[in-house]
Number of protein chains: 2
Amino acid sequence: VTERRRKHWGWGWEDEQPDRAGLEAMVPLVQERLGFEVERVEEPIAIGDIDLAPPRLRPPEALAGFVSDERHARLSHAMGKAYRDVVRGFRGIYERTPDLVATPADEDDLVRMLEWCDQRHLAVIPYGGGTSVVGGVEPRVGRGYRGTVTIDLGRLDRVVEVDEPSMAARIQAGATGPGLETQLAERGLTLRHFPQSFEYSTLGGWIATRAGGHFATLHTHIDDLVESVRALTPAGVWESRRLPGSGAGPSPDRMLIGSEGILGLITEAWVRVRPRPVHKVSCVVEFDGFREGAEAVRALSQSGLNPANCRLLDPLEAETTGAGDGTAALLIIGFESAFGPVDGPMAQATECAEDHRGRAGPVRGHGAGGDGSSGGPGDAGDPAASWRSAFLQAPYLRDSLVALGVLSETFESAVTWDRFGEFHSIVMEAARRAVADVVDAPADGPGAPRVSCRFTHVYPDGPAPYFTVLAPARRGSEVEQWDEIKAAVSEALISAGGTITHHHAVGRDHRPWYDLQRPDRFAEALTAAKQAVDPAGLMNPGVLVDPA
Amino acid sequence: VTERRRKHWGWGWEDEQPDRAGLEAMVPLVQERLGFEVERVEEPIAIGDIDLAPPRLRPPEALAGFVSDERHARLSHAMGKAYRDVVRGFRGIYERTPDLVATPADEDDLVRMLEWCDQRHLAVIPYGGGTSVVGGVEPRVGRGYRGTVTIDLGRLDRVVEVDEPSMAARIQAGATGPGLETQLAERGLTLRHFPQSFEYSTLGGWIATRAGGHFATLHTHIDDLVESVRALTPAGVWESRRLPGSGAGPSPDRMLIGSEGILGLITEAWVRVRPRPVHKVSCVVEFDGFREGAEAVRALSQSGLNPANCRLLDPLEAETTGAGDGTAALLIIGFESAFGPVDGPMAQATECAEDHRGRAGPVRGHGAGGDGSSGGPGDAGDPAASWRSAFLQAPYLRDSLVALGVLSETFESAVTWDRFGEFHSIVMEAARRAVADVVDAPADGPGAPRVSCRFTHVYPDGPAPYFTVLAPARRGSEVEQWDEIKAAVSEALISAGGTITHHHAVGRDHRPWYDLQRPDRFAEALTAAKQAVDPAGLMNPGVLVDPA
């Protein structure tokens with residue numbers, strides 16, 4: 001029996017990648033839906049043909065049971081899943097590959113591994129699902145290390161304990177979305193944290209990167225679901241007390257949440273779970289344009305209604321994902337509860353949207369079963385289902401788009417409402433101009449690049465806009481194209497008052513703009529904090545801060 | 001014209017302290033309500049009779065305009081407002097007094113002040129409203145400083161800017177509750193953060209200490225209302241970008257929030273404001289006992305209804321505050337909205353409470369005017385009003401109790417629901433035993449010490465219990481009595497799985513138990529972070545961490 005393996009270069013499992021016939025069948029769809037001519041279908045380089053330098057290290061005897069220098073392990077852990085990464089993997093451009101990949105079975109293994117890395121002065125890359133789109137797991141660690149070791153926490157995948165009275169669960173960091181939801185579902189519970197990477201990403205990764213989840217308002221980030229965190233730093237264990245709330249000094253958890261592996265390896269966390277919702281309603285509201293929809297969303301965000309879903313798609317985004325025909329912006333509003341009916345707030349929300357020139361469609365109710373027994377975020381029979389399905393399929397599709405010569409990238413941010421109008425104009429314009437500069441395509445009409453925007457999350461003080469760029473790629477120059485677009489849009493995001501990331505994290509790719517955004521004093525404080533618990537600077541070097 | 005001055009030893013203004021006749025009139029009330037015999041009414045020491053060492057420093061010429069070594073300034077800034085502090089002030093026991101008190105008018109003054117403190121190696125005590133109950137503003141700074149300077153931010157009291165589209169306001173750190181609410185009310189807005197110290201405490205103090213406010217669920221701490229923070233550290237300005245949400249590294253704000261002055265002086269913050277609520281309903285539900293009420297609150301906390309008010313009083317607490325007759329526990333449920341009616345969620349909440357053996361009284365509605373034009377937290381005509389009034393009057397009353405020989409103290413915590421039952425038993429028992437050990441009073445019946453509990457805030461994973469102790473004091477030994485009770489109860493809170501503070505902060509008084517609670521690695525990280533921005537260790541030494 002051959003074990004099912006993750007694709008070394010892209011999203012998902014090896015056996016899920018469409019074959020040549022499957023890709024050929026997508027050509028007319030791409031032309032029809034996106035308007036791009038597909039010159040030819042390319043195929044990824046075979047794993048055996050990739051030029052891979054031999055590891056600079058050998059697994060030590062004592063750790064050999066869970067440390068590998070095998071080709072597939074090293075290549076599949078070499079990069080994250082940004083478009084930039086997928087293209088490089090597809091073409092076999094592996095600039096940096098970990099020397100070893102460790103898959104510890106428990107914390108004892110982890111401790112031994114860290115000790116060995118400390119003795120040898122090896123850079124350590126913490127690895128959850130490997131779904132980083134910001135270079136967070138790529139061993140670009142700078143000089144000064146005798147090698148790099150990626151520690152994949154995938155075997156720490158259990159829901160260890162459930163405290164039903166407190167609605168909390170202790171879960172190991174390597175548990176994936178479906179993995180932990182399946183275990184929680186046995187008790188009728190759910191974490192209900194559904195990032196786009198849900199299928200592969202892990203609780204530890206979510207906490208390390210402040211992942212954004214299911215709830216469009218209120219509990220938008222995993223931050224809000226964390227009760228306590230346990231991490232292993234080179235200086236020892238960092239574990240906070242389980243508390244529902246506290247005012248005792250700065251929150252220890254909030255220093256680990258978003259630390260992206262620079263302080264230590266998160267090994268487990270207590271998180272707040274909830275009963276599976278049984279009352280669910282949704283409604284799609286049309287608006288003449290995105291700005292009109294945004295005004296309605298602003299009112300909704302300040303209403304205190306706190307809808308579970310409140311996602312606004314601009315007309316192009318709605319068309320691209322198949323949720324609309326491109327003539328109107330769409331707002332998807334959803335309420336849910338495990339406790340009681342949510343028709344009341346839904347009526348208030350649609351009234352609010354209509355007060356802001358929205359045209360509300362029918363309110364639809366959904367049973368709990370719509371969630372699927374695996375606890376995934378899908379919802380069959382929902383008018384918003386096509387959008388949700390596209391949401392989860394997007395990373396798979398992106399791999400195929402690489403093969404078909406379509407460049408795709410996303411940028412996400414958050415900005416206060418007072419700046420939103422100008423912000424949106426500046427970023428859209430910067431994206432359009434950057435794309436026009438690097439691709440050979442008409443500026444308008446059929447075949448033109450597609451730059452669209454949606455809100456993924458929303459707050460009383462501002463939205464989290466998410467931009468998608470689709471364009472014909474210049475084959476072989478995709479990375480350079482991506483780099484230019486990334487730089488131009490990132491520059492625009494920052495200069496227009498946004499954050500370089502609302503929920504994709506900083507990693508290595510966002511560093512130049514993150515460094516403009518965060519307070520200098522905070523960077524000094526964080527660097528010092530890191531040095532206190534990681535004196536040798538082994539933990540994910542290059543991410544967030546420079547080595548001290 | 002004599003300027004109105006704060007009382008140097010207790011709560012509020014000098015002219016508010018009841019005179020001897022006023023105190024004599026309280027004697028029968030204390031006997032009737034609390035059951036304690038009052039031997040005699042004492043009077044506070046006159047300010048001129050207090051033994052005060054001359055300052056070790058003289059205000060430098062260049063700063064003389066806003067730096068004082070005057071007796072009232074030094075004495076009134078020498079301590080916070082714990083019972084321990086008030087008793088010491090009452091009796092004239094000033095163990096440590098700042099050498100100078102600075103009242104800068106702006107950030108320029110502040111910068112010059114900090115520079116001078118750095119040159120002279122002086123400890124700096126940041127001071128907002130001076131309402132700390134944990135020794136947070138007392139210059140117990142250890143050896144190694146050539147003097148102590150308290151910096152009172154009270155003159156930085158303006159709402160500087162309001163961003164109405166984003167419902168956010170930039171407010172200076174020294175603005176008090178009424179001060180900022182009055183300024184916001186001009187725009188029909190409110191911050192709606194009402195700690196018990198509301199009348200005197202300041203935005204900067206709330207942020208520095210993670211103050212707990214009006215909302216019993218959801219946005220319980222000031223943390224949740226902060227959009228960005230500006231602080232002045234000895235190493236320079238630390239200011240975060242205004243963002244509605246972000247996932248870019250650990251939150252810079254969350255490192256300042258709760259830092260209790262050890263990183264720098266918070267000078268201003270952008271906070272989320274809201275329209276004043278116009279739809280308000282409340283309901284009082286009776287339960288046979290506190291545990292029964294707690295079960296109902298647990299269900300409510302996990303319902304997703306998120307009531308604005310959800311405060312449970314045990315029978316004794318209800319009686320003490322005049323909200324009940326001592327035969328039943330009372331749950332006060334409130335919903336409010338500026339947007340639309342809240343009868344729906346109130347009906348669901350009372351149904352939930354009744355499902356848990358509660359006896360719900362009538363649901364009462366309140367107009368927006370009930371809030372008072374000053375924006376304060378009172379609500380006339382509310383059945384819960386007597387409790388709320390007692391809540392805000394409590395610190396005034398406490399001063400009188402000192403004069404009447406009644407020991408009073410509170411302890412607050414938070415704990416997960418799974419541990420709550422045992423936690424409550426352990427802490428109540430520890431408090432009763434500690435009080436019995438130090439006071440001469442019968443264990444039961446008339447004249448017995450009163451130990452009661454309420455929930456101030458509540459989360460899906462646990463409540464924030466707040467304990468009140470009232471007992472006859474042993475005149476002249478109150479501090480020793482307090483210290484013994486404090487130690488015994490704090491030990492119980494920590495050993496039973498709670499936090500040493502849910503919203504009173506750590507300061508100097510909670511240090512021994514805080515040090516048991518926080519992760520050691522976090523303490524190392526925080527100490528290093530402090531050293532990075534305060535290399536000379538000037539900022540509020542002794543609070544939260546030891547000098548590096």
# chains A, B, ... in the order shown; residues from 1 in each chain; ligands from 1
>>> residues_around(residues="A:Ala496", least_positions_apart="2", cutoff="8 Å", atoms="only C-alpha atoms", output="list in words")
Arg419, Glu422, Phe423, Ile426, Val427, Ala492, Leu493, Ile494 and Gly498 of chain A
>>> closest_atom_pairs(of="chain A", to="chain B", cutoff="6 Å", atoms="only C-alpha atoms", output="tab-separated table")
residue	atom	partner	partner_atom	distance
A:Pro165	CA	B:Asp418	CA	5.5
A:Ser166	CA	B:Asp461	CA	4.2
A:Met167	CA	B:Asp461	CA	5.9
A:Arg210	CA	B:Gly247	CA	5.4
A:Trp238	CA	B:Arg521	CA	5.3
A:Glu239	CA	B:Pro519	CA	5.7
A:Ser240	CA	B:Pro519	CA	5.6
A:Leu243	CA	B:Val415	CA	5.6
A:Pro244	CA	B:Gly462	CA	5.3
A:Ser246	CA	B:His502	CA	4.3
A:Gly247	CA	B:His502	CA	4.6
A:Ala248	CA	B:Ala505	CA	5.4
A:Gly249	CA	B:Gly258	CA	4.5
A:Pro250	CA	B:Gly258	CA	4.4
A:Met255	CA	B:Pro250	CA	5.5
A:Ile257	CA	B:Pro250	CA	5.8
A:Gly258	CA	B:Pro250	CA	4.4
A:Ser259	CA	B:Pro250	CA	5.5
A:Ser303	CA	B:Phe339	CA	5.5
A:Phe339	CA	B:Ser303	CA	5.5
A:Val415	CA	B:Leu243	CA	5.6
A:Thr416	CA	B:Pro244	CA	5.8
A:Trp417	CA	B:Ser166	CA	4.8
A:Asp418	CA	B:Pro165	CA	5.4
A:Asp461	CA	B:Ser166	CA	4.2
A:Gly462	CA	B:Pro244	CA	5.3
A:Thr501	CA	B:Ala248	CA	5.6
A:His502	CA	B:Ser246	CA	4.3
A:His503	CA	B:Gly247	CA	4.7
A:Ala505	CA	B:Ala248	CA	5.4
A:Val506	CA	B:Ala248	CA	5.7
A:Pro519	CA	B:Ser240	CA	5.6
A:Arg521	CA	B:Trp238	CA	5.3
A:Ala525	CA	B:Ala529	CA	4.0
A:Ala528	CA	B:Ala528	CA	5.3
A:Ala529	CA	B:Ala525	CA	4.0
A:Ala532	CA	B:Ala525	CA	5.4
>>> closest_residue(among="B:Phe467, B:Phe198, B:Trp513, B:Phe90", to="B:Ser490", atoms="only C-alpha atoms")
B:Trp513
>>> residues_around(residues="stretch 478-480 of chain B", least_positions_apart="4", cutoff="8 Å", atoms="only C-alpha atoms", output="VMD selection string")
chain B and resid 84 87 to 88 407 473 to 474 484
>>> select_by_dssp(residues="stretch 402-457 of chain A", states="alpha helix (DSSP H)", output="VMD selection string")
chain A and resid 402 to 404 417 to 438
>>> closest_residue(among="B:His8, B:Arg170, B:Arg432, B:Arg56", to="B:Arg71", atoms="only C-alpha atoms")
B:His8
>>> atom_distance(atom1="atom CA of A:Thr321", atom2="atom CA of A:Ser282")
18.2 Å
>>> residues_around(residues="A:Trp9", least_positions_apart="3", cutoff="12 Å", atoms="only C-alpha atoms", output="JSON, numbers by chain")
{"A": [5, 6, 12, 13, 14, 17, 43, 44, 45, 46, 47, 50, 72, 73, 74, 75, 76, 77, 78, 79, 80, 81, 82, 83, 84, 85, 86, 87, 88, 89, 90, 91, 92, 93, 94, 130, 131, 396, 398, 399, 400, 402, 403]}
>>> atom_distance(atom1="atom CA of B:Gly65", atom2="atom CA of B:Thr150")
15.1 Å
>>> closest_residue(among="B:Leu29, B:Val285, B:Leu404, B:Val101", to="B:Leu330", atoms="only C-alpha atoms")
B:Val285
>>> atom_distance(atom1="atom CA of A:Glu70", atom2="atom CA of A:Arg112")
20.5 Å
>>> residues_around(residues="stretch 470-472 of chain A", least_positions_apart="4", cutoff="12 Å", atoms="only C-alpha atoms", output="ChimeraX atom specification")
/A:30-31,33-40,83,316-317,320,398,401-411,431-432,434-444,446-453,477-478,481-482,485
>>> select_by_dssp(residues="stretch 427-543 of chain B", states="strand (DSSP E)", output="list in words")
Arg450, Val451, Ser452, Cys453, Arg454, Phe455, Thr456, His457, Val458, Tyr459, Gly462, Pro463, Ala464, Pro465, Tyr466, Phe467, Thr468, Val469, Leu470, Ala471 and Pro472 of chain B
>>> closest_residue(among="B:Leu191, B:Gly174, B:Leu203, B:Thr267", to="B:Glu107", atoms="only C-alpha atoms")
B:Thr267
>>> residues_around(residues="A:Thr456", least_positions_apart="4", cutoff="7 Å", atoms="only C-alpha atoms", output="list in words")
Ala216, Arg311, Ala464, Pro465 and Tyr466 of chain A
>>> decode(residues="stretch 332-441 of chain B", atoms="C-alpha atoms", output="PDB file, in the first residue's frame")
ATOM      1  CA  ILE B 332     -30.040  41.512  36.217  1.00  0.00           C
ATOM      2  CA  ILE B 333     -30.345  41.047  32.476  1.00  0.00           C
ATOM      3  CA  GLY B 334     -30.204  44.014  30.118  1.00  0.00           C
ATOM      4  CA  PHE B 335     -30.171  44.530  26.376  1.00  0.00           C
ATOM      5  CA  GLU B 336     -29.601  47.794  24.586  1.00  0.00           C
ATOM      6  CA  SER B 337     -29.256  49.054  21.053  1.00  0.00           C
ATOM      7  CA  ALA B 338     -29.023  52.314  19.180  1.00  0.00           C
ATOM      8  CA  PHE B 339     -30.310  50.513  16.113  1.00  0.00           C
ATOM      9  CA  GLY B 340     -33.536  48.662  16.770  1.00  0.00           C
ATOM     10  CA  PRO B 341     -35.753  47.003  19.366  1.00  0.00           C
ATOM     11  CA  VAL B 342     -34.199  44.444  21.659  1.00  0.00           C
ATOM     12  CA  ASP B 343     -37.374  42.782  22.940  1.00  0.00           C
ATOM     13  CA  GLY B 344     -36.648  39.656  20.914  1.00  0.00           C
ATOM     14  CA  PRO B 345     -33.361  38.772  22.552  1.00  0.00           C
ATOM     15  CA  MET B 346     -34.746  39.790  25.953  1.00  0.00           C
ATOM     16  CA  ALA B 347     -37.626  37.339  25.528  1.00  0.00           C
ATOM     17  CA  GLN B 348     -35.160  34.603  24.609  1.00  0.00           C
ATOM     18  CA  ALA B 349     -32.965  35.473  27.586  1.00  0.00           C
ATOM     19  CA  THR B 350     -35.754  35.452  30.156  1.00  0.00           C
ATOM     20  CA  GLU B 351     -37.040  32.184  28.726  1.00  0.00           C
ATOM     21  CA  CYS B 352     -33.555  30.760  29.125  1.00  0.00           C
ATOM     22  CA  ALA B 353     -33.407  31.980  32.733  1.00  0.00           C
ATOM     23  CA  GLU B 354     -36.848  30.518  33.464  1.00  0.00           C
ATOM     24  CA  ASP B 355     -35.771  27.201  31.948  1.00  0.00           C
ATOM     25  CA  HIS B 356     -33.117  27.224  34.647  1.00  0.00           C
ATOM     26  CA  ARG B 357     -35.556  27.706  37.543  1.00  0.00           C
ATOM     27  CA  GLY B 358     -35.471  31.489  37.513  1.00  0.00           C
ATOM     28  CA  ARG B 359     -38.458  33.646  38.383  1.00  0.00           C
ATOM     29  CA  ALA B 360     -38.431  36.530  35.942  1.00  0.00           C
ATOM     30  CA  GLY B 361     -39.890  39.874  36.933  1.00  0.00           C
ATOM     31  CA  PRO B 362     -41.384  42.277  34.441  1.00  0.00           C
ATOM     32  CA  VAL B 363     -39.337  43.431  31.477  1.00  0.00           C
ATOM     33  CA  ARG B 364     -38.872  47.155  31.722  1.00  0.00           C
ATOM     34  CA  GLY B 365     -37.963  49.490  28.918  1.00  0.00           C
ATOM     35  CA  HIS B 366     -35.875  52.599  29.329  1.00  0.00           C
ATOM     36  CA  GLY B 367     -35.461  55.645  27.174  1.00  0.00           C
ATOM     37  CA  ALA B 368     -32.115  56.970  26.109  1.00  0.00           C
ATOM     38  CA  GLY B 369     -32.546  59.826  28.567  1.00  0.00           C
ATOM     39  CA  GLY B 370     -32.162  57.482  31.502  1.00  0.00           C
ATOM     40  CA  ASP B 371     -28.484  57.601  30.828  1.00  0.00           C
ATOM     41  CA  GLY B 372     -28.257  61.194  31.959  1.00  0.00           C
ATOM     42  CA  SER B 373     -26.855  63.941  29.807  1.00  0.00           C
ATOM     43  CA  SER B 374     -23.450  63.545  31.381  1.00  0.00           C
ATOM     44  CA  GLY B 375     -23.296  60.114  29.856  1.00  0.00           C
ATOM     45  CA  GLY B 376     -22.889  58.392  33.192  1.00  0.00           C
ATOM     46  CA  PRO B 377     -23.948  54.836  33.840  1.00  0.00           C
ATOM     47  CA  GLY B 378     -26.968  55.583  36.018  1.00  0.00           C
ATOM     48  CA  ASP B 379     -30.510  54.699  35.058  1.00  0.00           C
ATOM     49  CA  ALA B 380     -33.356  56.301  36.971  1.00  0.00           C
ATOM     50  CA  GLY B 381     -36.555  54.330  37.404  1.00  0.00           C
ATOM     51  CA  ASP B 382     -34.857  51.007  36.827  1.00  0.00           C
ATOM     52  CA  PRO B 383     -35.430  48.190  39.330  1.00  0.00           C
ATOM     53  CA  ALA B 384     -31.714  47.604  39.020  1.00  0.00           C
ATOM     54  CA  ALA B 385     -31.041  51.267  39.730  1.00  0.00           C
ATOM     55  CA  SER B 386     -30.501  50.785  43.436  1.00  0.00           C
ATOM     56  CA  TRP B 387     -27.800  48.306  42.686  1.00  0.00           C
ATOM     57  CA  ARG B 388     -26.186  50.563  40.080  1.00  0.00           C
ATOM     58  CA  SER B 389     -26.313  53.532  42.375  1.00  0.00           C
ATOM     59  CA  ALA B 390     -24.728  51.503  45.151  1.00  0.00           C
ATOM     60  CA  PHE B 391     -22.112  50.403  42.626  1.00  0.00           C
ATOM     61  CA  LEU B 392     -20.990  53.955  41.926  1.00  0.00           C
ATOM     62  CA  GLN B 393     -21.393  55.159  45.503  1.00  0.00           C
ATOM     63  CA  ALA B 394     -19.407  52.272  46.928  1.00  0.00           C
ATOM     64  CA  PRO B 395     -16.005  53.986  46.865  1.00  0.00           C
ATOM     65  CA  TYR B 396     -17.459  57.027  48.660  1.00  0.00           C
ATOM     66  CA  LEU B 397     -19.148  54.791  51.177  1.00  0.00           C
ATOM     67  CA  ARG B 398     -15.920  52.956  51.789  1.00  0.00           C
ATOM     68  CA  ASP B 399     -14.238  56.133  53.019  1.00  0.00           C
ATOM     69  CA  SER B 400     -17.041  56.559  55.528  1.00  0.00           C
ATOM     70  CA  LEU B 401     -16.780  52.931  56.570  1.00  0.00           C
ATOM     71  CA  VAL B 402     -13.139  53.518  57.429  1.00  0.00           C
ATOM     72  CA  ALA B 403     -14.228  56.316  59.755  1.00  0.00           C
ATOM     73  CA  LEU B 404     -16.879  54.034  61.221  1.00  0.00           C
ATOM     74  CA  GLY B 405     -14.508  51.141  61.792  1.00  0.00           C
ATOM     75  CA  VAL B 406     -15.796  48.776  59.124  1.00  0.00           C
ATOM     76  CA  LEU B 407     -13.266  46.804  57.132  1.00  0.00           C
ATOM     77  CA  SER B 408     -14.214  46.410  53.486  1.00  0.00           C
ATOM     78  CA  GLU B 409     -12.414  44.765  50.658  1.00  0.00           C
ATOM     79  CA  THR B 410     -13.114  43.172  47.306  1.00  0.00           C
ATOM     80  CA  PHE B 411     -11.456  40.398  45.327  1.00  0.00           C
ATOM     81  CA  GLU B 412     -12.228  39.656  41.738  1.00  0.00           C
ATOM     82  CA  SER B 413     -11.254  36.888  39.392  1.00  0.00           C
ATOM     83  CA  ALA B 414     -12.385  34.758  36.478  1.00  0.00           C
ATOM     84  CA  VAL B 415     -12.484  30.999  36.167  1.00  0.00           C
ATOM     85  CA  THR B 416     -13.754  28.428  33.705  1.00  0.00           C
ATOM     86  CA  TRP B 417     -17.216  26.954  34.293  1.00  0.00           C
ATOM     87  CA  ASP B 418     -15.923  23.441  34.952  1.00  0.00           C
ATOM     88  CA  ARG B 419     -14.069  24.756  37.994  1.00  0.00           C
ATOM     89  CA  PHE B 420     -16.526  27.369  39.129  1.00  0.00           C
ATOM     90  CA  GLY B 421     -18.430  25.372  41.755  1.00  0.00           C
ATOM     91  CA  GLU B 422     -15.316  24.269  43.590  1.00  0.00           C
ATOM     92  CA  PHE B 423     -13.684  27.641  43.054  1.00  0.00           C
ATOM     93  CA  HIS B 424     -16.599  29.450  44.638  1.00  0.00           C
ATOM     94  CA  SER B 425     -16.587  27.150  47.671  1.00  0.00           C
ATOM     95  CA  ILE B 426     -12.836  27.409  48.173  1.00  0.00           C
ATOM     96  CA  VAL B 427     -12.682  31.181  47.864  1.00  0.00           C
ATOM     97  CA  MET B 428     -15.755  31.857  50.003  1.00  0.00           C
ATOM     98  CA  GLU B 429     -14.422  29.537  52.670  1.00  0.00           C
ATOM     99  CA  ALA B 430     -10.934  31.050  52.514  1.00  0.00           C
ATOM    100  CA  ALA B 431     -12.387  34.543  52.816  1.00  0.00           C
ATOM    101  CA  ARG B 432     -14.640  33.590  55.731  1.00  0.00           C
ATOM    102  CA  ARG B 433     -11.850  31.842  57.567  1.00  0.00           C
ATOM    103  CA  ALA B 434      -9.362  34.658  56.983  1.00  0.00           C
ATOM    104  CA  VAL B 435     -11.833  37.234  58.201  1.00  0.00           C
ATOM    105  CA  ALA B 436     -12.721  35.151  61.257  1.00  0.00           C
ATOM    106  CA  ASP B 437      -9.020  34.879  62.072  1.00  0.00           C
ATOM    107  CA  VAL B 438      -8.451  38.604  62.128  1.00  0.00           C
ATOM    108  CA  VAL B 439     -11.649  40.196  63.390  1.00  0.00           C
ATOM    109  CA  ASP B 440     -13.430  39.924  66.693  1.00  0.00           C
ATOM    110  CA  ALA B 441     -16.928  39.041  65.571  1.00  0.00           C
TER     111      ALA B 441
END
